[in-house]
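Below you'll find the structure, written out as structure tokens, and then a few comments.
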2 protein chains.
Amino acid sequence: MKKPRLSESQEDYLKEIFKLRELNETVSMQDLARKLDVRPPSVTGMIKKLCAMNLVEHEPYKGVQLTETGEKIALEVLRHHRLLELYLARHLNYSWDEIHEEAERLEHVISEKFEAAIADLMDHPTHDPHGDPIPTAELEIPDSPSLVPLPSLKAAKSIVIGRVMTQDKDILSLLFRLDLTPGQEIELIKNEAAGIRVRVNGSQYLVPQTIARLIWCENTET
Amino acid sequence: MKKPRLSESQEDYLKEIFKLRELNETVSMQDLARKLDVRPPSVTGMIKKLCAMNLVEHEPYKGVQLTETGEKIALEVLRHHRLLELYLARHLNYSWDEIHEEAERLEHVISEKFEAAIADLMDHPTHDPHGDPIPTAELEIPDSPSLVPLPSLKAAKSIVIGRVMTQDKDILSLLFRLDLTPGQEIELIKNEAAGIRVRVNGSQYLVPQTIARLIWCENTET
DNA sequence: ATTATTATTTAGTCATGACTAATATAATTA
DNA sequence: TAATTATATTAGTCATGACTAAATAATAAT
């Protein structure tokens with residue numbers, strides 16, 4: 001079995017299919033075009049190629065899916081990305097909103113050796129700074145606490161943030177400044193129409209619904 | 001003035017022209033083809049393009065030269081490369097013969113931020129693990145001690161290695177195992193036809209001429 | 001000075017991975 | 001069911017950066 005080394009583009013396609021698949025039931029060509037910032041015909045072309053390589057399967061109008069091999073590759077890229085994000089934040093003093101872009105470029109070029117080295121250095125972490133799970137070296141996805149969006153919770157004294165579902169730099173830097181970060185314990189005071197009133201480290205904020213929806217928390221009920 | 005962002009190929013061409021220029025008086029298309037591992041017509045094509053961008057100048061049959069802008073870019077890439085090599089060796093436990101390849105890929109994708117971060121972390125080093133000078137952030141080449149090849153020296157008690165002029169993995173790993181590394185102090189016992197007899201950390205070796213020529217040392221004689 | 005050799009360039013091809021414009025197919029709504 | 005809208009695909013183009021084969025220019029040797 002040969003290992004033909006994929007292009008960065010191809011890796012990005014696989015990664016994006018994987019990420020979209022986690023959210024939506026089905027992944028359309030358009031979804032991909034949007035996320036990858038290319039035009040639909042480009043997607044058609046690339047998906048054709050990936051099909052021929054047995055990395056994805058495609059039923060027109062029904063969606064794209066990764067094959068087992070395709071998923072392995074996606075997970076490898078995702079592992080690189082998330083390890084890198086954590087590494088940049090922890091060891092190179094990157095701020096939260098800077099890590100994504102850099103990781104996006106580095107993920108395609110680091111070797112197995114590099115991956116292993118930073119994983120070692122960080123003691124084989126299971127989640128990145130956004131709370132996203134980091135696939136293990138064996139490409140399994142580690143267990144995460146079951147999470148729900150902040151707006152779906154009722155007022156409660158102690159809620160722990162698990163994950164922030166955005167890569168938008170402005171939002172990230174805002175959340176970072178307010179300490180609305182994974183691991184942080186907050187108090188949900190009241191769920192209002194305009195937003196969610198929370199207390200974090202003694203300070204009180206009204207978090208707009210749009211932003212609150214991006215904050216997923218450990219499910220305290222039941 | 002626009003900054004058109006060069007391709008990795010283009011950066012490699014500029015870097016290689018710079019490095020060749022340090023050794024030879026003149027840089028031919030063939031030299032470039034050899035070093036870059038491409039065929040001469042490819043070089044012609046690319047040089048043409050770089051000329052149009054005002055990054056190099058080319059007198060057919062007389063050689064290629066960097067313009068000021070071209071040199072700046074070459075130095076930037078070189079700075080990335082050498083900082084990375086040192087960083088990989090120091091912080092990620094890379095062995096000497098592994099750093100080059102990884103740096104070769106990373107040098108094109110790291111940001112200014114990344115460059116600054118690792119430079120800071122290492123206290124703005126002036127030389128990489130091979131003894132090659134690391135251009136400063138302002139893209140000046142730092143002073144190096146004046147060096148001469150090991151075979152040109154006479155027997156002497158205390159000689160300090162300054163630089164090893166190879167990227168061959170086997171040779172590097174050999175030199176590393178024998179402690180024939182920049183900064184190391186050695187005794188030159190005798191310059192024989194077959195090689196150079198040296199003592200390093202108490203052990204005695206006969207270093208073949210081919211290899212000895214790659215080892216440059218601080219010039220002890222006036 | 002002519003010939004041989006080496007260096008360089010032209011001309012033309014190929015693969016990648018984007019693009020636009022136009023078309024076809026499916027899903028949705030009237 | 002037909003019309004409309006959304007989705008996907010063809011067909012054809014372009015830029016990049018490699019390649020081969022053939023031609024041309026410079027240098028070295030006889």
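Ordering of the structure tokens sets the chain letters (A, B, ...); residue numbers start at 1 within each chain; ligands are numbered from 1 in the order shown.
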Using only C-alpha atoms (C1' of nucleotides), what does the table of chain B residues within 10 Å of chain D look like, with each row giving the shortest atom pair and its distance in Å to one decimal, sorted by chain and ascending number, as a Markdown table?
```
| residue | atom | partner | partner_atom | distance |
| --- | --- | --- | --- | --- |
| B:Ser7 | CA | D:DT16 | C1' | 9.3 |
| B:Ser9 | CA | D:DG17 | C1' | 8.3 |
| B:Gln10 | CA | D:DG17 | C1' | 9.9 |
| B:Val38 | CA | D:DA18 | C1' | 7.9 |
| B:Arg39 | CA | D:DC19 | C1' | 7.9 |
| B:Pro41 | CA | D:DC19 | C1' | 8.7 |
| B:Ser42 | CA | D:DA18 | C1' | 6.7 |
| B:Val43 | CA | D:DA18 | C1' | 10.0 |
| B:Gly45 | CA | D:DG17 | C1' | 8.8 |
| B:Met46 | CA | D:DG17 | C1' | 8.2 |
| B:Pro60 | CA | D:DA25 | C1' | 9.6 |
| B:Tyr61 | CA | D:DA26 | C1' | 7.4 |
```
Could you build a table of the residues in chain A lying no more than 9 Å from chain B, giving for each the nearest pair of atoms and their separation in Å rounded to one decimal place, using only C-alpha atoms, ordered by chain and ascending residue number, as a tab-separated table?
```
residue	atom	partner	partner_atom	distance
A:Leu88	CA	B:Phe114	CA	8.6
A:Leu92	CA	B:Ala117	CA	5.8
A:Asn93	CA	B:Ala117	CA	7.4
A:Tyr94	CA	B:Lys113	CA	8.4
A:Glu102	CA	B:Ser111	CA	7.1
A:Arg105	CA	B:Val109	CA	6.2
A:Leu106	CA	B:Val109	CA	6.5
A:Val109	CA	B:Arg105	CA	6.2
A:Ile110	CA	B:Glu102	CA	7.1
A:Ser111	CA	B:Glu102	CA	7.1
A:Lys113	CA	B:Tyr94	CA	8.5
A:Phe114	CA	B:Leu92	CA	7.6
A:Ala117	CA	B:Leu92	CA	5.8
A:Ile118	CA	B:Leu92	CA	7.0
A:Leu121	CA	B:Leu92	CA	7.9
```
- Which of stretch 33-219 of chain A counts as helix (DSSP H, G or I) under DSSP, as a ChimeraX atom specification please? /A:33-36,40-52,68-91,99-106,112-121,150-152,169-177,209-212
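Here atom CA of A:Asn54 stands at a distance of 18.8 Å from atom CA of A:Lys19.
Taking atom CA of A:Glu140 and atom CA of A:Ile73 as endpoints, the distance between them is 11.9 Å.
For chain C, the residues close to chain B, meaning within 12 Å and counting only C-alpha atoms (C1' of nucleotides), are C:DT6, C:DA7, C:DT8, C:DT9, C:DT10, C:DA11.
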- Task: Write out as a list in words which residues come within 8 Å of A:Pro182 when counting only C-alpha atoms (C1' of nucleotides), dropping same-chain ones fewer than 6 positions away.
- Result: Pro129, His130, Gly131, Val160, Ile161, Gly162, Arg163 and Val164 of chain A
Next, dump the selected residues to file, keeping only C-alpha atoms, as a CSV table (one decimal), in the first residue's frame.
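Output (result28.csv):
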```csv
chain,number,residue,atom,x,y,z
A,129,PRO,CA,-7.4,26.0,24.0
A,130,HIS,CA,-10.8,26.2,22.5
A,131,GLY,CA,-11.8,23.1,24.3
A,160,VAL,CA,-18.0,25.2,33.8
A,161,ILE,CA,-17.2,26.3,30.3
A,162,GLY,CA,-16.2,23.4,28.1
A,163,ARG,CA,-15.7,24.7,24.6
A,164,VAL,CA,-16.0,27.8,22.6
```
- Query: Could you pull out all residues of stretch 57-104 of chain B with a DSSP call of strand (DSSP E) and give them as a ChimeraX atom specification?
  - Reply: /B:57-59,63-66
